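Here's my_file00.txt, which has compact mmCIF, C-alpha atoms:
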# COMPACT_ATOMS: atom_id res chain seq x y z
CA MET B 1441 96.94 -83.04 18.99
CA ASP B 1442 97.48 -85.18 22.07
CA SER B 1443 95.20 -83.77 24.72
CA SER B 1444 96.75 -85.81 27.56
CA LYS B 1445 100.03 -83.94 27.00
CA LYS B 1446 98.57 -80.73 28.30
CA GLY B 1447 96.10 -82.21 30.78
CA GLY B 1448 93.18 -81.28 28.56
CA GLY B 1449 90.17 -81.88 30.82
CA ILE B 1450 87.23 -79.74 29.79
CA LEU B 1451 87.42 -77.74 33.01
CA MET B 1452 91.06 -76.93 32.24
CA LEU B 1453 90.08 -75.65 28.79
CA VAL B 1454 87.43 -73.41 30.27
CA VAL B 1455 89.79 -72.05 32.91
CA VAL B 1456 92.63 -71.32 30.44
CA LEU B 1457 90.43 -69.67 27.84
CA GLY B 1458 88.62 -67.74 30.57
CA LEU B 1459 91.94 -66.55 31.98
CA ILE B 1460 93.26 -65.45 28.59
CA THR B 1461 90.09 -63.58 27.68
CA PHE B 1462 90.04 -62.01 31.15
CA VAL B 1463 93.59 -60.67 30.79
CA CYS B 1464 92.79 -59.44 27.27
CA ALA B 1465 89.65 -57.71 28.51
CA LEU B 1466 91.67 -55.98 31.24
CA LEU B 1467 94.26 -54.81 28.71
CA LEU B 1468 91.58 -53.54 26.35
CA GLY B 1469 89.75 -51.76 29.13
CA PHE B 1470 92.97 -50.12 30.22
CA THR B 1471 93.87 -49.02 26.67
CA ASN B 1472 90.38 -47.68 26.14
CA GLY B 1473 90.56 -45.75 29.39
CA VAL B 1474 93.88 -44.17 28.43
CA THR B 1475 92.95 -43.29 24.84
CA LYS B 1476 89.21 -42.49 25.03
CA ASP B 1477 89.44 -38.82 25.96
CA LYS B 1478 92.32 -38.21 23.57
CA ILE B 1479 90.44 -39.76 20.64
CA GLU B 1480 87.34 -37.72 21.41
CA GLN B 1481 89.44 -34.57 21.66
CA ASN B 1482 91.14 -35.39 18.33
CA GLY B 1483 87.69 -35.66 16.74
CA ILE B 1484 86.66 -32.24 18.09
CA GLU B 1485 89.96 -30.70 16.96
CA THR B 1486 89.56 -32.14 13.47
CA ARG B 1487 86.04 -30.69 13.31
CA ASN B 1488 87.13 -27.26 14.54
CA GLU B 1489 90.04 -27.17 12.10
CA ALA B 1490 87.75 -28.13 9.22
CA MET B 1491 85.19 -25.47 10.22
CA SER B 1492 87.82 -22.75 10.52
CA ALA B 1493 89.25 -23.72 7.14
CA ILE B 1494 85.82 -23.52 5.46
CA ILE B 1495 84.66 -20.30 7.13
CA ALA B 1496 87.94 -18.43 7.42
CA ASP B 1497 86.30 -15.22 8.74
CA ALA B 1498 84.55 -16.89 11.66
CA GLU B 1499 85.61 -15.80 15.14
CA SER B 1500 83.65 -18.40 17.07
CA PHE B 1501 81.31 -21.32 16.57
CA THR B 1502 78.13 -21.86 18.62
CA ASP B 1503 76.05 -25.02 18.77
CA VAL B 1504 72.64 -24.77 17.15
CA GLU B 1505 69.81 -27.14 18.08
CA VAL B 1506 68.03 -28.81 15.18
CA GLY B 1507 64.98 -31.06 15.27
CA GLU B 1508 64.80 -34.83 15.02
CA GLU B 1509 63.78 -34.66 11.38
CA TRP B 1510 67.45 -33.80 10.74
CA THR B 1511 69.32 -35.71 13.44
CA ALA B 1512 67.34 -38.96 13.04
CA PRO B 1513 65.47 -38.70 9.72
CA ALA B 1514 62.57 -41.10 9.10
CA ASP B 1515 63.60 -41.36 5.44
CA LYS B 1516 66.49 -43.85 5.41
CA ASN B 1517 67.95 -42.25 2.28
CA GLN B 1518 68.42 -38.92 4.02
CA PRO B 1519 71.75 -38.72 5.83
CA ALA B 1520 71.72 -37.88 9.53
CA ILE B 1521 73.05 -34.57 10.77
CA SER B 1522 75.19 -34.87 13.87
CA GLY B 1523 75.77 -31.21 14.61
CA VAL B 1524 75.04 -27.68 13.42
CA TYR B 1525 77.29 -24.78 14.37
CA ALA B 1526 76.69 -21.10 13.74
CA ALA B 1527 79.83 -19.32 12.60
CA GLU B 1528 79.87 -15.87 14.18
CA ALA B 1529 81.91 -12.78 13.42
CA GLY B 1530 81.38 -9.35 14.96
CA GLY B 1531 78.33 -10.60 16.89
CA GLU B 1532 76.53 -11.71 13.76
CA THR B 1533 75.97 -15.14 12.25
CA ILE B 1534 77.78 -15.18 8.91
CA ALA B 1535 77.42 -18.85 8.05
CA TYR B 1536 76.46 -22.29 9.38
CA CYS B 1537 78.63 -25.38 9.54
CA VAL B 1538 76.80 -28.68 9.39
CA GLU B 1539 78.29 -32.04 10.26
CA VAL B 1540 76.48 -34.63 8.21
CA LYS B 1541 77.03 -38.37 7.74
CA PRO B 1542 75.98 -39.68 4.32
CA LYS B 1543 76.53 -43.32 3.37
CA GLY B 1544 79.46 -43.79 1.04
CA PHE B 1545 80.94 -46.88 -0.55
CA GLY B 1546 82.65 -48.05 2.63
CA GLY B 1547 80.20 -46.98 5.32
CA GLU B 1548 79.45 -43.53 6.67
CA LEU B 1549 81.43 -40.49 5.64
CA THR B 1550 81.71 -37.60 8.05
CA LEU B 1551 81.38 -34.37 6.17
CA ILE B 1552 81.53 -30.76 7.34
CA VAL B 1553 79.56 -28.44 5.07
CA GLY B 1554 79.71 -24.66 5.34
CA VAL B 1555 76.61 -22.81 4.18
CA ASN B 1556 76.69 -19.03 3.86
CA THR B 1557 73.68 -17.05 5.04
CA ASP B 1558 73.34 -15.63 1.51
CA GLY B 1559 72.33 -19.08 0.20
CA THR B 1560 75.56 -20.37 -1.27
CA ILE B 1561 77.81 -23.23 -0.21
CA ALA B 1562 80.95 -21.89 1.47
CA GLY B 1563 82.80 -25.18 1.17
CA ALA B 1564 82.98 -28.71 2.44
CA GLN B 1565 85.48 -31.12 3.92
CA VAL B 1566 85.49 -34.83 4.57
CA THR B 1567 86.80 -35.42 8.10
CA ALA B 1568 86.39 -39.20 8.40
CA HIS B 1569 85.61 -41.97 5.92
CA GLY B 1570 86.07 -45.62 5.10
CA GLU B 1571 86.36 -45.21 1.33
CA THR B 1572 88.77 -47.10 -0.94
CA PRO B 1573 92.27 -45.61 -0.81
CA GLY B 1574 93.25 -44.16 -4.18
CA LEU B 1575 89.62 -43.96 -5.31
CA GLY B 1576 86.81 -42.76 -3.00
CA ALA B 1577 89.38 -41.61 -0.46
CA LYS B 1578 90.23 -38.80 -2.89
CA ALA B 1579 87.11 -37.05 -1.60
CA GLN B 1580 89.31 -36.27 1.40
CA SER B 1581 92.86 -36.45 0.07
CA ASP B 1582 92.40 -34.61 -3.24
CA LYS B 1583 91.83 -31.08 -1.96
CA ASN B 1584 91.02 -29.83 -5.47
CA TRP B 1585 88.00 -32.04 -5.93
CA ILE B 1586 85.91 -30.87 -2.99
CA THR B 1587 86.50 -27.17 -3.74
CA GLN B 1588 84.02 -27.36 -6.63
CA PHE B 1589 81.20 -27.23 -4.06
CA ALA B 1590 82.24 -23.76 -2.93
CA GLY B 1591 80.00 -21.09 -4.44
CA GLN B 1592 77.32 -23.53 -5.59
CA PRO B 1593 73.70 -22.63 -4.75
CA ALA B 1594 72.57 -23.99 -1.38
CA ASP B 1595 69.10 -25.05 -2.48
CA GLY B 1596 69.53 -28.80 -2.28
CA SER B 1597 69.59 -29.18 -6.07
CA LEU B 1598 73.19 -30.31 -6.61
CA ALA B 1599 73.83 -33.55 -8.49
CA VAL B 1600 76.81 -35.27 -10.09
CA SER B 1601 77.16 -34.90 -13.85
CA LYS B 1602 76.15 -38.54 -14.42
CA ASP B 1603 72.77 -37.70 -12.84
CA GLY B 1604 72.40 -34.55 -14.93
CA GLY B 1605 74.00 -32.13 -12.48
CA THR B 1606 77.10 -29.99 -12.44
CA ILE B 1607 79.34 -31.80 -9.94
CA ASN B 1608 82.22 -33.72 -11.53
CA ALA B 1609 82.44 -37.14 -9.91
CA ILE B 1610 85.78 -38.61 -8.83
CA THR B 1611 86.93 -41.05 -11.50
CA GLY B 1612 85.86 -44.57 -10.52
CA SER B 1613 84.05 -43.34 -7.40
CA THR B 1614 80.55 -42.28 -8.41
CA ILE B 1615 79.05 -43.67 -5.20
CA THR B 1616 81.37 -41.61 -3.01
CA SER B 1617 80.77 -38.50 -5.12
CA ARG B 1618 77.00 -39.00 -4.88
CA ALA B 1619 77.28 -39.44 -1.11
CA VAL B 1620 79.20 -36.17 -0.69
CA THR B 1621 76.74 -34.35 -2.95
CA LEU B 1622 73.79 -35.74 -0.99
CA GLY B 1623 75.48 -34.65 2.23
CA VAL B 1624 75.96 -31.12 0.92
CA ASN B 1625 72.33 -30.97 -0.25
CA THR B 1626 71.03 -32.20 3.10
CA ALA B 1627 73.16 -29.65 4.93
CA ALA B 1628 71.86 -26.89 2.66
CA ASN B 1629 68.23 -27.95 3.24
CA CYS B 1630 68.79 -28.05 6.98
CA VAL B 1631 70.29 -24.56 7.06
CA ALA B 1632 67.43 -23.28 4.85
CA SER B 1633 64.96 -24.64 7.42
CA LEU B 1634 66.68 -22.59 10.13
CA GLY B 1635 65.49 -19.48 8.31
CA MET C 1319 118.09 -71.78 12.11
CA LYS C 1320 120.25 -68.70 11.69
CA PHE C 1321 118.72 -65.28 11.31
CA SER C 1322 120.05 -64.86 7.78
CA GLU C 1323 118.37 -68.13 6.77
CA GLN C 1324 115.15 -67.08 8.48
CA LEU C 1325 115.29 -63.77 6.65
CA LYS C 1326 115.85 -65.44 3.31
CA ALA C 1327 112.98 -67.81 4.01
CA GLY C 1328 110.62 -65.03 5.05
CA VAL C 1329 111.35 -62.64 2.22
CA ILE C 1330 112.03 -65.02 -0.69
CA LEU C 1331 111.79 -68.80 -0.32
CA ASP C 1332 108.73 -68.82 1.96
CA ASN C 1333 107.38 -65.38 1.12
CA PRO C 1334 103.87 -65.31 2.63
CA ILE C 1335 102.28 -63.82 -0.48
CA PHE C 1336 104.29 -65.19 -3.38
CA MET C 1337 105.20 -68.65 -2.06
CA GLN C 1338 102.72 -69.57 0.67
CA THR C 1339 99.95 -67.56 -1.03
CA ILE C 1340 98.34 -66.59 2.27
CA GLY C 1341 97.10 -63.13 3.22
CA LEU C 1342 96.10 -62.38 -0.37
CA CYS C 1343 92.99 -60.43 0.61
CA PRO C 1344 94.81 -57.54 2.36
CA ALA C 1345 97.48 -57.74 -0.33
CA LEU C 1346 94.84 -57.03 -2.97
CA ALA C 1347 92.94 -54.44 -0.96
CA THR C 1348 95.71 -52.28 0.47
CA THR C 1349 98.07 -51.99 -2.49
CA THR C 1350 96.31 -49.20 -4.35
CA SER C 1351 99.31 -46.98 -3.61
CA LEU C 1352 102.86 -47.43 -2.43
CA SER C 1353 102.31 -45.49 0.80
CA ASN C 1354 99.28 -47.59 1.75
CA ALA C 1355 101.34 -50.71 1.11
CA ILE C 1356 104.10 -49.41 3.38
CA GLY C 1357 101.62 -48.49 6.13
CA MET C 1358 99.91 -51.87 6.01
CA GLY C 1359 103.24 -53.71 5.89
CA VAL C 1360 104.55 -51.92 8.97
CA ALA C 1361 101.31 -52.32 10.94
CA ALA C 1362 101.04 -56.02 10.12
CA THR C 1363 104.70 -56.59 11.03
CA VAL C 1364 104.24 -54.95 14.43
CA VAL C 1365 101.19 -57.08 15.19
CA LEU C 1366 102.95 -60.19 13.89
CA ILE C 1367 105.96 -59.68 16.17
CA CYS C 1368 103.80 -58.95 19.24
CA SER C 1369 101.47 -61.90 18.68
CA ASN C 1370 104.34 -64.30 17.90
CA VAL C 1371 106.12 -63.32 21.12
CA VAL C 1372 103.06 -63.69 23.35
CA ILE C 1373 101.85 -66.90 21.73
CA SER C 1374 105.33 -68.40 21.94
CA ALA C 1375 105.59 -67.42 25.61
CA LEU C 1376 102.23 -69.01 26.34
CA ARG C 1377 102.72 -72.07 24.11
CA LYS C 1378 103.04 -74.51 27.04
CA PHE C 1379 100.05 -72.96 28.81
CA ILE C 1380 97.56 -73.01 25.92
CA PRO C 1381 95.88 -76.42 25.44
CA ASP C 1382 95.90 -77.70 21.85
CA LYS C 1383 92.13 -78.08 21.70
CA ILE C 1384 91.40 -74.40 22.14
CA ARG C 1385 94.57 -72.94 20.64
CA ILE C 1386 92.87 -71.25 17.68
CA ALA C 1387 90.42 -69.45 19.96
CA CYS C 1388 93.29 -68.32 22.20
CA PHE C 1389 95.40 -67.14 19.24
CA ILE C 1390 92.56 -65.11 17.78
CA THR C 1391 91.77 -63.53 21.16
CA ILE C 1392 95.40 -62.50 21.63
CA ILE C 1393 95.75 -61.18 18.07
CA ALA C 1394 92.47 -59.26 18.26
CA THR C 1395 93.54 -57.69 21.56
CA PHE C 1396 96.83 -56.49 20.09
CA VAL C 1397 95.21 -55.10 16.97
CA THR C 1398 92.56 -53.24 18.95
CA MET C 1399 95.15 -51.80 21.33
CA ILE C 1400 97.35 -50.62 18.46
CA ASP C 1401 94.31 -49.22 16.66
CA LEU C 1402 93.21 -47.22 19.71
CA ALA C 1403 96.76 -46.02 20.40
CA LEU C 1404 97.20 -44.83 16.82
CA GLN C 1405 93.83 -43.07 16.85
CA ALA C 1406 94.80 -41.27 20.05
CA PHE C 1407 98.41 -40.37 19.36
CA VAL C 1408 98.97 -40.54 15.58
CA PRO C 1409 95.53 -39.71 14.16
CA SER C 1410 96.90 -38.99 10.66
CA LEU C 1411 98.32 -42.51 10.35
CA ALA C 1412 95.13 -44.03 11.78
CA ALA C 1413 93.06 -42.07 9.26
CA SER C 1414 95.12 -43.19 6.28
CA LEU C 1415 95.14 -46.85 7.33
CA GLY C 1416 91.43 -46.59 8.09
CA LEU C 1417 89.61 -49.88 7.89
CA PHE C 1418 92.69 -51.93 7.11
CA LEU C 1419 93.99 -51.73 10.63
CA PRO C 1420 91.13 -53.66 12.30
CA LEU C 1421 91.24 -56.07 9.37
CA ILE C 1422 94.70 -57.26 10.44
CA VAL C 1423 92.83 -59.45 12.95
CA VAL C 1424 91.68 -61.71 10.15
CA ASN C 1425 94.98 -61.61 8.24
CA CYS C 1426 95.79 -65.28 7.91
CA ILE C 1427 99.54 -64.67 7.89
CA ILE C 1428 99.38 -63.74 11.55
CA LEU C 1429 97.27 -66.72 12.55
CA GLY C 1430 99.32 -68.87 10.17
CA ARG C 1431 102.64 -67.97 11.80
CA ALA C 1432 101.14 -68.41 15.28
CA GLU C 1433 100.02 -71.90 14.35
CA ALA C 1434 102.99 -72.98 12.23
CA TYR C 1435 105.87 -71.37 14.11
CA ALA C 1436 105.28 -69.46 17.33
CA SER C 1437 103.32 -72.25 19.03
CA LYS C 1438 106.23 -74.66 18.49
CA ASN C 1439 109.30 -72.46 19.04
CA LYS C 1440 110.99 -70.38 21.72
CA VAL C 1441 110.28 -66.68 22.20
CA LEU C 1442 113.34 -65.16 20.49
CA PRO C 1443 113.19 -67.22 17.27
CA SER C 1444 109.44 -66.51 17.16
CA ALA C 1445 110.05 -62.76 17.40
CA LEU C 1446 112.62 -63.02 14.59
CA ASP C 1447 110.16 -65.10 12.58
CA GLY C 1448 107.67 -62.26 13.01
CA VAL C 1449 110.23 -59.76 11.74
CA CYS C 1450 111.16 -61.88 8.72
CA MET C 1451 107.63 -62.85 7.71
CA GLY C 1452 106.50 -59.25 8.22
CA LEU C 1453 109.31 -58.05 5.97
CA GLY C 1454 108.34 -60.63 3.36
CA PHE C 1455 104.71 -59.53 3.51
CA GLY C 1456 105.72 -55.88 3.38
CA PHE C 1457 108.07 -56.52 0.47
CA ALA C 1458 105.27 -58.17 -1.52
CA LEU C 1459 102.87 -55.31 -0.72
CA VAL C 1460 105.44 -52.67 -1.69
CA LEU C 1461 106.12 -54.41 -4.98
CA MET C 1462 102.41 -54.56 -5.85
CA GLY C 1463 101.67 -51.08 -4.51
CA PHE C 1464 104.52 -49.54 -6.50
CA PHE C 1465 103.44 -50.98 -9.84
CA ARG C 1466 99.71 -50.46 -9.27
CA GLU C 1467 100.19 -46.81 -8.30
CA LEU C 1468 102.63 -46.26 -11.17
CA LEU C 1469 100.29 -47.69 -13.80
CA GLY C 1470 96.94 -46.81 -12.23
CA ALA C 1471 97.59 -43.25 -11.09
CA GLY C 1472 100.86 -42.35 -12.80
CA THR C 1473 102.47 -41.30 -9.54
CA VAL C 1474 105.01 -42.64 -7.06
CA LEU C 1475 104.75 -42.23 -3.28
CA SER C 1476 101.59 -40.12 -3.25
CA GLY C 1477 100.26 -39.57 0.25
CA LEU C 1478 103.44 -40.71 1.99
CA SER C 1479 103.95 -37.32 3.59
CA THR C 1480 100.49 -37.64 5.21
CA LEU C 1481 101.36 -41.11 6.45
CA LEU C 1482 104.78 -40.11 7.80
CA PRO C 1483 104.78 -36.34 8.44
CA PHE C 1484 108.58 -36.17 8.84
CA LEU C 1485 108.92 -37.01 5.13
CA SER C 1486 107.29 -33.72 4.21
CA PHE C 1487 109.84 -33.03 1.46
CA ILE C 1488 107.89 -35.49 -0.68
CA PRO C 1489 104.95 -33.66 -2.29
CA ALA C 1490 101.51 -34.79 -1.08
CA GLU C 1491 100.56 -35.96 -4.57
CA GLY C 1492 103.85 -37.84 -4.91
CA PHE C 1493 106.10 -37.68 -7.93
CA ALA C 1494 104.09 -37.59 -11.14
CA ILE C 1495 105.49 -39.68 -13.97
CA PRO C 1496 105.42 -37.68 -17.22
CA GLY C 1497 103.11 -39.23 -19.80
CA LEU C 1498 101.53 -41.66 -17.32
CA SER C 1499 99.96 -39.27 -14.84
CA ALA C 1500 97.86 -37.52 -17.49
CA ASN C 1501 96.37 -40.75 -18.79
CA PRO C 1502 96.72 -43.48 -16.18
CA ALA C 1503 95.25 -46.97 -16.55
CA VAL C 1504 92.75 -46.38 -13.73
CA MET C 1505 91.80 -50.06 -13.76
CA MET C 1506 95.09 -50.94 -12.07
CA ILE C 1507 94.03 -49.30 -8.80
CA LEU C 1508 90.54 -50.79 -9.03
CA PRO C 1509 90.04 -54.25 -7.52
CA ALA C 1510 90.37 -55.99 -10.90
CA GLY C 1511 93.79 -54.42 -11.36
CA GLY C 1512 94.88 -55.92 -8.05
CA PHE C 1513 94.19 -59.43 -9.34
CA LEU C 1514 95.92 -58.66 -12.64
CA MET C 1515 99.03 -57.26 -10.98
CA MET C 1516 99.21 -60.18 -8.57
CA GLY C 1517 98.94 -62.59 -11.50
CA PHE C 1518 101.72 -60.84 -13.41
CA ILE C 1519 104.05 -60.85 -10.40
CA PHE C 1520 103.31 -64.52 -9.69
CA ALA C 1521 104.05 -65.36 -13.32
CA VAL C 1522 107.39 -63.56 -13.26
CA ILE C 1523 108.39 -65.27 -10.01
CA GLN C 1524 107.41 -68.69 -11.30
CA LYS C 1525 109.47 -68.06 -14.42
CA VAL C 1526 112.51 -67.00 -12.40
CA MET C 1527 112.19 -69.94 -10.00
CA ALA C 1528 111.73 -72.42 -12.86
CA GLY C 1529 114.85 -71.04 -14.54
CA LYS C 1530 116.84 -71.63 -11.36
CA GLU C 1531 115.73 -75.24 -11.09
CA ASP C 1532 116.76 -76.03 -14.65
CA LYS C 1533 120.37 -75.05 -14.08
Representation of the structure as structure tokens:
Amino acid sequence: MDSSKKGGGILMLVVVLGLITFVCALLLGFTNGVTKDKIEQNGIETRNEAMSAIIADAESFTDVEVGEEWTAPADKNQPAISGVYAAEAGGETIAYCVEVKPKGFGGELTLIVGVNTDGTIAGAQVTAHGETPGLGAKAQSDKNWITQFAGQPADGSLAVSKDGGTINAITGSTITSRAVTLGVNTAANCVASLG
Amino acid sequence: MKFSEQLKAGVILDNPIFMQTIGLCPALATTTSLSNAIGMGVAATVVLICSNVVISALRKFIPDKIRIACFITIIATFVTMIDLALQAFVPSLAASLGLFLPLIVVNCIILGRAEAYASKNKVLPSALDGVCMGLGFGFALVLMGFFRELLGAGTVLSGLSTLLPFLSFIPAEGFAIPGLSANPAVMMILPAGGFLMMGFIFAVIQKVMAGKEDK
């Protein structure tokens, strides 16, 4: 590590590192600029696809405003709701879709929960997660697992079988299963509060 | 060094996982299924080639004293750019690689090759070194991923059609192995199984190598 070889005065070091980080910052800024809108649009498309899959009869979805007790709950154990959409068909609201973000094993899960106006769960889908592939990730990839929520009562009482409830947890992924169940319960409670 | 020698070194004699034992953390974490292993192997190879090329091109410009900081900055930039590009244009691949993609930044194979090879060699050999070491890393991941998925889930290639949509003839759940898929040894896809499988593979390789030396 002969510093004289590359004229290693401290000023030189600062200039070189500054230059490299500057070029990197430019590249990152450029990439971000090019991809930002597309990524956002992908997120919206994923959400719309999930909502249409859960509420197949819906003709359109309209944003519904909910209070801060749902979007930024004081209770840290209650997952935050990032959006509520009324599914409409023939001019009437037939169901609500709630985007909720419970904490899983590997950070937040993004979950879309459909709640019918008759007080049952229409279905749910995980749209984004950081769960372990092959284990918790099955909440999204194993389409058969999440279907067990469809038809369950939307009264916020669901629990995995280990906690005395009726939801079968994914093998080896109790934390993920609990997170999804909590998300579904929170969504159901939120829709119930809408009246 | 000829390309064939480089290839042999990267995949077998100097295999990053089995011989140099670097980059073990992603090797343990991402090999829960064969398709994850393939995805991680390809992503790491791409980053490795890009970072080797740039670091080799800048090797006379980067002072020794701050080389590690420069390498990490360059690697992190590449990883972030690839991550953003995948999220924008191939969201299905980005979703299935998930957290592992940003984690390539701290994959010591990439920093290791920058330090040991790219910073001392010309651009073309450095690019080839990236290809060879990436293949070696990918080969090790595929080997582990195959056996862990086979034993732990009783399937082969599950999820590959989500990773690479043009391979849609492969069923989404992969090919179930009769007898194994009904009663898999779930532990093999849990973290502990990763250590076990790595130990078994290391043992077999040591045995084979020792046998060669005796002759």
Exercise for the section: Can you pull out every residue within 9 Å of region 1343-1356 of chain C, counting all atoms listed in the file, but drop anything in the same chain fewer than 4 positions away, and send it as number ranges by chain? Expected result: B: 1572-1575; C: 1335, 1360-1361, 1414-1415, 1418, 1421-1422, 1425, 1455-1468, 1470-1471, 1473-1479, 1481, 1506-1509, 1511-1513, 1516
Exercise for the section: Name the closest residue to chain B among the candidates C:Thr1339, C:Thr1391, C:Asn1370, C:Thr1363; distances are taken between atoms, counting only C-alpha atoms. Expected result: C:Thr1391
Practice task
Would you kindly report the residues of chain C within 7 Å of chain B, using all atoms listed in the file, as a PyMOL selection string?
Solution key: chain C and resi 1350-1351+1380-1382+1384+1388+1391-1392+1395+1399+1402-1403+1405-1406+1416-1417+1507
Next, dump the selected residues to file, keeping only C-alpha atoms, as a compact mmCIF listing (two decimals), keeping the file's coordinate frame.
# COMPACT_ATOMS: atom_id res chain seq x y z
CA THR C 1350 96.31 -49.20 -4.35
CA SER C 1351 99.31 -46.98 -3.61
CA ILE C 1380 97.56 -73.01 25.92
CA PRO C 1381 95.88 -76.42 25.44
CA ASP C 1382 95.90 -77.70 21.85
CA ILE C 1384 91.40 -74.40 22.14
CA CYS C 1388 93.29 -68.32 22.20
CA THR C 1391 91.77 -63.53 21.16
CA ILE C 1392 95.40 -62.50 21.63
CA THR C 1395 93.54 -57.69 21.56
CA MET C 1399 95.15 -51.80 21.33
CA LEU C 1402 93.21 -47.22 19.71
CA ALA C 1403 96.76 -46.02 20.40
CA GLN C 1405 93.83 -43.07 16.85
CA ALA C 1406 94.80 -41.27 20.05
CA GLY C 1416 91.43 -46.59 8.09
CA LEU C 1417 89.61 -49.88 7.89
CA ILE C 1507 94.03 -49.30 -8.80
Exercise for the section: Rounded to one decimal place, report the CA of Phe1462 (chain B)-CA of Asp1401 (chain C) distance in Å. Expected result: 19.8 Å
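Among the candidates B:Val1540, B:Ala1628, B:Ile1586, B:Val1553, the residue lying nearest to Ser1492 (chain B) is B:Val1553 (atoms considered: all atoms listed in the file).
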